[in-house]
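**Student:** One structure coming up, written as structure tokens, with questions to follow.
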Amino acid sequence: MGHRYCLISFISLVLKSKIGHISLLVAVFGFVALEVGIHFLGLDAHIWRMLATGFEAATIGALADWFAVSALFYEIPIPVIRRHTNIIVKNREKLTEGIVDMVTNKWLSPEIIQEKLKGVPITENILELLQDPKNFEKVLVLIRMLLLRLTAHLDHPKIGVYVQNLLKSQLQEVDLASPLGEWMADVVRKGNHEALVGLLAQEASKSIQDPGTRRILLTKLKIALEAYQKQDWFKKSAVWIGIKTGGIDLEMLADRIVEIALILAEEFANEENHPLRLKLNEYLLEFSHLLQQKDPVATGYVEQLRDNLIQNQAARQLMIMMLGKAKILAEEALENVHTPLMQWIGNSIKDIIRSLGKDEETKQNMDAWIKASLTDVLDKFHPEIGEMVRTSLWRLDDKAMMFQIKDKVGDDLQYIRLNGAVVGGLVGLTIALLRWLWLY
């Protein structure tokens, strides 16, 4: 049964595409056969003459329509007449502009599109599409790609400069002195700075024990002793005698100073009630009080420190480094649509979709905004529709365009040829019948 249906469909398709040729052959064959029968086989009845006249007219009609259809696509080499053939190619520009005008001003005019948009619930349709898990995952993939594009250049030096300038412009208008003073006072009163002070003291001990520190100290002592000698003759003599007798030993003095500094640093690090610590706390509290009172000197120091920190090249490099780490973290968080960040984004979008589904007013407002935006875009870029059609048509050469048109309307043109043969035959029969009635 299936093979029979396929065979019938194939035969129908062939007949449909060749029906013009078949109608012409039938008309010519009928006309020739009847003329031969009348003149050579003795078919002298009036009915045969009437049929011959009908087939003669059918042949004329079929030939005329064959010529008309062929003249649309091909040049017919007949003197004088050939200028009116190959119509589609010769009138290509006119046909193109006609198609462009029809598409832009009739089929897809702004008024027609806007009229169609009025009855389309765009937001509702979008929400329905997003409820399909496959569509929703595609949206997440798109969001992930956009976020990756945004974070791709986070570590670019220009971004670091931009962030630095942004911080500079924003922090210049911020009062840092008062909150900094309050914070310092609170930290000192609660003793939260003691650990930091102890750590600094330990680091100071390490620096004091460094051989380089002793060398610097010895150099400074020599410079001080030379300066003392230059004051007058008496002091110079005393120093000379001290050195000669061993009363002045800079090496031993340097070692002694280092020992005293180490003892002082150790006491400072281990004793929270050390006099130097208490004095430091007093200075910090006094400085914090000055900041809270907006003392010009203290505030100016903080502002200068802030400006130096923001404008410093090292600060810029630090920002670039931090942005680079942020980029790496972002890439890890956006590795796929199943990461915690993307899941959070997905859940947030689902909450928004559920909320919008119940909020008719918001949906109507979104619809109005989308349609207004589409209308603005349409008004602005509507000529591009015609330009796209025009470009697409001119991209084809003459032969390709002709074959495309023939492929689309060729079957209908075959029926025009069939109609020419049928109508011509009927007209011929009618004329032959009227002539017979008139004569007999």
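Quick note on naming: the chains in the structure tokens go A, B, ... in the order shown, residues restart at 1 in each chain, and ligands are numbered from 1 in order of appearance.
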Can you list, as a list in words, every protein, DNA or RNA residue that comes within 7 Å of Gln292 of chain A when you count only C-alpha atoms, leaving out same-chain residues fewer than 6 positions away?
**Tutor:** Ala177, Ser178, Gly181 and Glu182 of chain A
**Student:** Please provide as number ranges by chain all residues within 12 Å of segment 210-213 of chain A, with the sequence filter that same-chain residues fewer than 3 positions apart are discarded (counting only C-alpha atoms).
**Tutor:** A: 203-207, 216-220, 254-255, 257-258, 261-262
**Student:** Give me, as a ChimeraX atom specification, the residues of segment 155-266 of chain A that a backbone DSSP run labels alpha helix (DSSP H).
**Tutor:** /A:157-171,177-190,194-209,211-229,233-245,250-266
**Student:** Report, in Å to a single decimal, how far apart atom CA of Leu434 of chain A and atom CA of Phe55 of chain A are.
**Tutor:**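 Between these atoms lies a distance of 16.1 Å.
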**Student:** Got a sec: who's within 10 Å of segment 68-81 of chain A, counting only C-alpha atoms, leaving out chain neighbours fewer than 6 positions off, as a compact mmCIF listing (two decimals) with C-alpha atoms, in the first residue's frame?
**Tutor:**
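To be explicit, this is the file written out as part09.txt:
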# COMPACT_ATOMS: atom_id res chain seq x y z
CA ALA A 62 -1.18 26.18 -25.94
CA ILE A 87 11.14 39.92 -19.11
CA ILE A 88 12.23 38.99 -15.59
CA VAL A 89 15.95 39.56 -16.18
CA LYS A 90 15.42 42.75 -18.21
CA LYS A 399 20.33 33.08 -13.88
CA MET A 402 15.37 33.43 -12.67
CA PHE A 403 15.64 29.81 -11.52
CA ILE A 405 11.37 32.43 -9.32
CA LYS A 406 10.75 29.59 -11.76
CA GLY A 410 6.80 27.07 -12.24
CA LEU A 413 2.71 28.58 -14.86
CA GLN A 414 2.26 25.03 -16.18
CA ILE A 416 -1.56 28.60 -17.26
CA ARG A 417 -0.38 26.69 -20.31
**Student:** Rank A:Gln229, A:Leu130, A:Thr123, A:Leu148 by their smallest atom-to-atom distance to Thr362 of chain A, using only C-alpha atoms, and report the top residue only.
**Tutor:**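 The shortest atom-to-atom distance to Thr362 of chain A comes from A:Thr123.
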**Student:** Name all residues at most 12 Å from Met401 of chain A (count only C-alpha atoms; drop same-chain ones fewer than 5 positions away) and give them as a CSV table (one decimal) with C-alpha atoms, in the first residue's frame.
**Tutor:**
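The new file result.csv reads:
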chain,number,residue,atom,x,y,z
A,73,PHE,CA,12.4,33.6,-18.3
A,88,ILE,CA,12.2,39.0,-15.6
A,89,VAL,CA,15.9,39.6,-16.2
A,90,LYS,CA,15.4,42.8,-18.2
A,91,ASN,CA,13.1,44.2,-15.6
A,92,ARG,CA,15.1,42.9,-12.6
A,93,GLU,CA,15.6,46.3,-11.0
A,95,LEU,CA,10.9,43.8,-9.9
A,96,THR,CA,13.4,44.1,-7.0
A,392,SER,CA,19.5,39.4,-0.9
A,393,LEU,CA,18.0,39.8,-4.3
A,394,TRP,CA,21.0,41.6,-5.8
A,395,ARG,CA,23.4,39.0,-4.4
A,396,LEU,CA,21.9,36.5,-6.9
A,406,LYS,CA,10.7,29.6,-11.8
A,407,ASP,CA,11.1,27.1,-9.0
A,408,LYS,CA,8.5,28.8,-6.8
**Student:** As JSON, numbers by chain, please: the residues near Lys371 of chain A (cut-off 8 Å, only C-alpha atoms, same-chain neighbours under 3 positions excluded).
**Tutor:** {"A": [117, 118, 367, 368, 374, 375]}
**Student:** Restricting the calculation to only C-alpha atoms: of A:Gln209, A:Leu200, A:Gly324, A:Phe234, which residue gets closest to Asn270 of chain A?
**Tutor:** A:Leu200
**Student:** How many Å separate atom CA of Leu323 of chain A from atom CA of Leu154 of chain A?
**Tutor:**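 Rounded to one decimal, the two atoms are 5.7 Å apart.
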**Student:** Record the distance separating atom CA of Leu142 of chain A and atom CA of Glu128 of chain A, expressed in Å with one decimal.
**Tutor:**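 Between atom CA of Leu142 of chain A and atom CA of Glu128 of chain A the gap works out to 18.0 Å.
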**Student:** Please list as a short mmCIF file (atom, residue, chain, number, x, y, z; two decimals) with C-alpha atoms, in the first residue's frame every residue within 6 Å of Ser288 of chain A, counting only C-alpha atoms and excluding residues in the same chain fewer than 3 positions away.
**Tutor:**
data_model
loop_
_atom_site.label_atom_id
_atom_site.label_comp_id
_atom_site.auth_asym_id
_atom_site.auth_seq_id
_atom_site.Cartn_x
_atom_site.Cartn_y
_atom_site.Cartn_z
CA GLY A 181 39.29 58.34 65.73
CA MET A 184 41.16 53.84 67.42
CA ALA A 185 39.77 54.86 70.81
CA LEU A 285 44.00 57.93 72.74
CA LEU A 291 40.66 63.07 65.11
#
